[in-house]
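J.: Below: one structure in structure tokens.
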Amino acid sequence: MKKLSLLATAMLAVTANAGQYKVDASHSGVGFKVKHLVISTVRGTFNKFDGTIDFDPAKPSALKVDATIDTKSVDTKEPKRDDHLRGDDFFATAKHPTATFKSKSGELKNGKGKLTGDLTLRGVTKPVTMDVEFLGTAKDPYGNTKVSFSGTTKINRKDFGVSWNQNLDAGGVVVSDEVEITLDIEANLVEKKVEKKA
């Protein structure tokens with residue numbers, strides 16, 4: 001009987017965490033990396049972004065994500081390079097100040113799975129599939145319910161009209177076409193899901 005009671009309590013706790021979560025940018029990160037001169041890797045981040053996550057631990061495949069990134073906030077720790085990235089050769093931030101991702105379907109099993117949606121970058125929208133992992137849920141010292149996810153995907157930047165490059169004398173190019181994007185997300189519960197009674 002006691003075991004059944006504990007199980008019921010655990011199930012109620014899971015249900016209570018179902019709802020919409022808002023990304024906590026102060027505890028999250030959006031990064032990317034590309035090959036430079038064929039032999040090395042350059043990493044960067046976007047310092048401004050927001051988004052919402054609709055998540056029900058009891059129905060993990062119903063995962064939905066809607067996110068916006070401020071492309072002007074690109075940061076590779078080199079101001080001149082960042083200015084170049086904001087220009088027309090790369091993100092063209094004057095015309096396209098944001099990049100967005102809107103999920104269409106999700107599949108999670110045992111905390112890991114895929115999230116597919118539309119990525120819009122530089123005014124071009126393409127389907128993208130991301131490997132995602134649900135890292136858990138917790139409450140902070142202030143009583144806020146939190147969830148955490150990580151995600152990775154790879155895109156070809158030329159698919160989004162980002163084609164600038166330079167050839168090297170010894171062969172190869174300055175910047176690789178493939179870009180790896182990484183997400184480390186912590187989000188706050190802002191709207192609980194309420195089950196409708198029959």
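Residue numbering restarts at 1 for every chain of the structure tokens, chains are lettered A, B, ... in their displayed order, and ligands are numbered from 1 as they appear.
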Among segment 19-69 of chain A, which residues carry a DSSP assignment of strand (DSSP E), reported as a PyMOL selection string?

T.: chain A and resi 19-23+29-36+40-46+49-55+64-69

J.: Produce a file of the selected residues containing C-alpha atoms, as a JSON list (two decimals), in the first residue's frame.

T.:
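Just written: part_29.json:
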```json
[["chain", "number", "residue", "atom", "x", "y", "z"],
["A", 19, "GLY", "CA", 3.22, 23.00, -19.19],
["A", 20, "GLN", "CA", 5.00, 25.82, -20.96],
["A", 21, "TYR", "CA", 8.51, 26.80, -19.96],
["A", 22, "LYS", "CA", 10.32, 30.04, -20.80],
["A", 23, "VAL", "CA", 14.03, 29.86, -21.59],
["A", 29, "GLY", "CA", 23.80, 28.93, -23.95],
["A", 30, "VAL", "CA", 23.56, 28.92, -27.74],
["A", 31, "GLY", "CA", 26.85, 28.14, -29.45],
["A", 32, "PHE", "CA", 28.33, 27.13, -32.77],
["A", 33, "LYS", "CA", 31.64, 25.94, -34.16],
["A", 34, "VAL", "CA", 33.23, 25.81, -37.62],
["A", 35, "LYS", "CA", 36.49, 24.58, -39.04],
["A", 36, "HIS", "CA", 39.05, 27.31, -39.75],
["A", 40, "SER", "CA", 41.42, 24.12, -36.41],
["A", 41, "THR", "CA", 38.05, 24.99, -34.88],
["A", 42, "VAL", "CA", 36.59, 28.41, -34.08],
["A", 43, "ARG", "CA", 33.76, 28.64, -31.58],
["A", 44, "GLY", "CA", 31.20, 31.36, -31.05],
["A", 45, "THR", "CA", 28.03, 32.12, -29.12],
["A", 46, "PHE", "CA", 24.91, 34.23, -29.40],
["A", 49, "PHE", "CA", 18.05, 34.72, -27.30],
["A", 50, "ASP", "CA", 14.68, 33.67, -25.93],
["A", 51, "GLY", "CA", 12.09, 31.01, -26.45],
["A", 52, "THR", "CA", 9.42, 28.76, -25.05],
["A", 53, "ILE", "CA", 9.23, 25.00, -24.57],
["A", 54, "ASP", "CA", 5.96, 23.09, -24.29],
["A", 55, "PHE", "CA", 6.79, 19.90, -22.42],
["A", 64, "LYS", "CA", 7.40, 21.78, -28.85],
["A", 65, "VAL", "CA", 9.99, 24.55, -29.13],
["A", 66, "ASP", "CA", 9.72, 28.12, -30.40],
["A", 67, "ALA", "CA", 12.98, 30.11, -30.23],
["A", 68, "THR", "CA", 14.43, 33.41, -31.45],
["A", 69, "ILE", "CA", 18.12, 34.39, -31.61]]
```

J.: Can you pull out every residue from segment 147-192 of chain A that DSSP, working from the backbone, puts in helix (DSSP H, G or I), and format the result as number ranges by chain?

T.: A: 157-160

J.: Might you pull out every residue within 12 Å of Gly143 of chain A, with only C-alpha atoms counted and same-chain residues fewer than 3 positions away left off, and present them as a PyMOL selection string?

T.: chain A and resi 138-140+146+188-189

J.: Using only C-alpha atoms, which residue out of A:Lys102, A:His96, A:Lys126, A:Lys158 lies closest to Glu178 of chain A?

T.: A:Lys158

J.: Just the number, please: distance in Å from atom CA of Leu119 of chain A to atom CA of Thr100 of chain A, one decimal.

T.: 5.8 Å

J.: Find the spatial neighbours of Asp177 of chain A, counting only C-alpha atoms, within a cut-off of 12 Å - ignore same-chain residues fewer than 3 positions away - and output them as a PDB file with N, CA and C atoms, in the first residue's frame.

T.:
```
ATOM      1  N   LYS A  33      30.222  26.070 -33.843  1.00  0.00           N
ATOM      2  CA  LYS A  33      31.641  25.936 -34.156  1.00  0.00           C
ATOM      3  C   LYS A  33      31.808  25.566 -35.624  1.00  0.00           C
ATOM      4  N   VAL A  34      32.907  26.063 -36.212  1.00  0.00           N
ATOM      5  CA  VAL A  34      33.228  25.805 -37.617  1.00  0.00           C
ATOM      6  C   VAL A  34      34.718  25.530 -37.731  1.00  0.00           C
ATOM      7  N   LYS A  35      35.079  24.796 -38.771  1.00  0.00           N
ATOM      8  CA  LYS A  35      36.486  24.577 -39.042  1.00  0.00           C
ATOM      9  C   LYS A  35      37.105  25.817 -39.668  1.00  0.00           C
ATOM     10  N   HIS A  36      38.326  26.148 -39.236  1.00  0.00           N
ATOM     11  CA  HIS A  36      39.049  27.312 -39.748  1.00  0.00           C
ATOM     12  C   HIS A  36      40.379  26.836 -40.332  1.00  0.00           C
ATOM     13  N   LEU A  37      40.632  27.227 -41.595  1.00  0.00           N
ATOM     14  CA  LEU A  37      41.870  26.854 -42.286  1.00  0.00           C
ATOM     15  C   LEU A  37      42.047  25.337 -42.351  1.00  0.00           C
ATOM     16  N   VAL A  38      40.933  24.625 -42.300  1.00  0.00           N
ATOM     17  CA  VAL A  38      40.880  23.156 -42.398  1.00  0.00           C
ATOM     18  C   VAL A  38      41.365  22.466 -41.126  1.00  0.00           C
ATOM     19  N   PHE A  90      27.867  37.305 -44.095  1.00  0.00           N
ATOM     20  CA  PHE A  90      27.404  36.229 -43.226  1.00  0.00           C
ATOM     21  C   PHE A  90      25.947  36.444 -42.799  1.00  0.00           C
ATOM     22  N   LYS A 154      23.788  19.888 -37.104  1.00  0.00           N
ATOM     23  CA  LYS A 154      24.743  20.408 -38.069  1.00  0.00           C
ATOM     24  C   LYS A 154      23.996  20.926 -39.283  1.00  0.00           C
ATOM     25  N   ILE A 155      24.424  22.070 -39.790  1.00  0.00           N
ATOM     26  CA  ILE A 155      23.814  22.640 -40.983  1.00  0.00           C
ATOM     27  C   ILE A 155      24.908  22.989 -41.985  1.00  0.00           C
ATOM     28  N   ASN A 156      24.510  23.107 -43.237  1.00  0.00           N
ATOM     29  CA  ASN A 156      25.389  23.645 -44.267  1.00  0.00           C
ATOM     30  C   ASN A 156      25.018  25.116 -44.429  1.00  0.00           C
ATOM     31  N   ARG A 157      25.944  26.009 -44.096  1.00  0.00           N
ATOM     32  CA  ARG A 157      25.626  27.438 -44.090  1.00  0.00           C
ATOM     33  C   ARG A 157      25.226  27.946 -45.475  1.00  0.00           C
ATOM     34  N   LYS A 158      25.723  27.298 -46.546  1.00  0.00           N
ATOM     35  CA  LYS A 158      25.371  27.727 -47.890  1.00  0.00           C
ATOM     36  C   LYS A 158      23.883  27.532 -48.174  1.00  0.00           C
ATOM     37  N   ASP A 159      23.261  26.571 -47.476  1.00  0.00           N
ATOM     38  CA  ASP A 159      21.817  26.364 -47.642  1.00  0.00           C
ATOM     39  C   ASP A 159      21.031  27.607 -47.238  1.00  0.00           C
ATOM     40  N   PHE A 160      21.654  28.449 -46.403  1.00  0.00           N
ATOM     41  CA  PHE A 160      20.980  29.647 -45.904  1.00  0.00           C
ATOM     42  C   PHE A 160      21.556  30.924 -46.526  1.00  0.00           C
ATOM     43  N   GLY A 161      22.261  30.761 -47.623  1.00  0.00           N
ATOM     44  CA  GLY A 161      22.786  31.929 -48.334  1.00  0.00           C
ATOM     45  C   GLY A 161      24.033  32.523 -47.733  1.00  0.00           C
ATOM     46  N   VAL A 162      24.695  31.797 -46.823  1.00  0.00           N
ATOM     47  CA  VAL A 162      25.938  32.284 -46.214  1.00  0.00           C
ATOM     48  C   VAL A 162      27.094  31.596 -46.941  1.00  0.00           C
ATOM     49  N   SER A 163      27.583  32.228 -47.995  1.00  0.00           N
ATOM     50  CA  SER A 163      28.513  31.547 -48.906  1.00  0.00           C
ATOM     51  C   SER A 163      29.919  32.131 -48.943  1.00  0.00           C
ATOM     52  N   TRP A 164      30.197  33.188 -48.180  1.00  0.00           N
ATOM     53  CA  TRP A 164      31.529  33.809 -48.237  1.00  0.00           C
ATOM     54  C   TRP A 164      32.610  32.798 -47.895  1.00  0.00           C
ATOM     55  N   ASN A 165      33.738  32.877 -48.632  1.00  0.00           N
ATOM     56  CA  ASN A 165      34.889  32.046 -48.320  1.00  0.00           C
ATOM     57  C   ASN A 165      36.106  32.558 -49.070  1.00  0.00           C
ATOM     58  N   GLN A 166      37.257  32.006 -48.758  1.00  0.00           N
ATOM     59  CA  GLN A 166      38.488  32.283 -49.495  1.00  0.00           C
ATOM     60  C   GLN A 166      39.252  30.976 -49.652  1.00  0.00           C
ATOM     61  N   GLY A 172      41.995  23.756 -49.912  1.00  0.00           N
ATOM     62  CA  GLY A 172      41.048  23.995 -48.835  1.00  0.00           C
ATOM     63  C   GLY A 172      40.572  25.427 -48.811  1.00  0.00           C
ATOM     64  N   VAL A 173      39.777  25.753 -47.793  1.00  0.00           N
ATOM     65  CA  VAL A 173      39.189  27.088 -47.677  1.00  0.00           C
ATOM     66  C   VAL A 173      39.338  27.605 -46.251  1.00  0.00           C
ATOM     67  N   VAL A 174      39.093  28.904 -46.094  1.00  0.00           N
ATOM     68  CA  VAL A 174      39.246  29.533 -44.784  1.00  0.00           C
ATOM     69  C   VAL A 174      38.204  29.013 -43.792  1.00  0.00           C
ATOM     70  N   GLU A 180      28.357  23.366 -36.764  1.00  0.00           N
ATOM     71  CA  GLU A 180      27.707  22.611 -35.688  1.00  0.00           C
ATOM     72  C   GLU A 180      27.116  23.581 -34.672  1.00  0.00           C
TER      73      GLU A 180
END
```
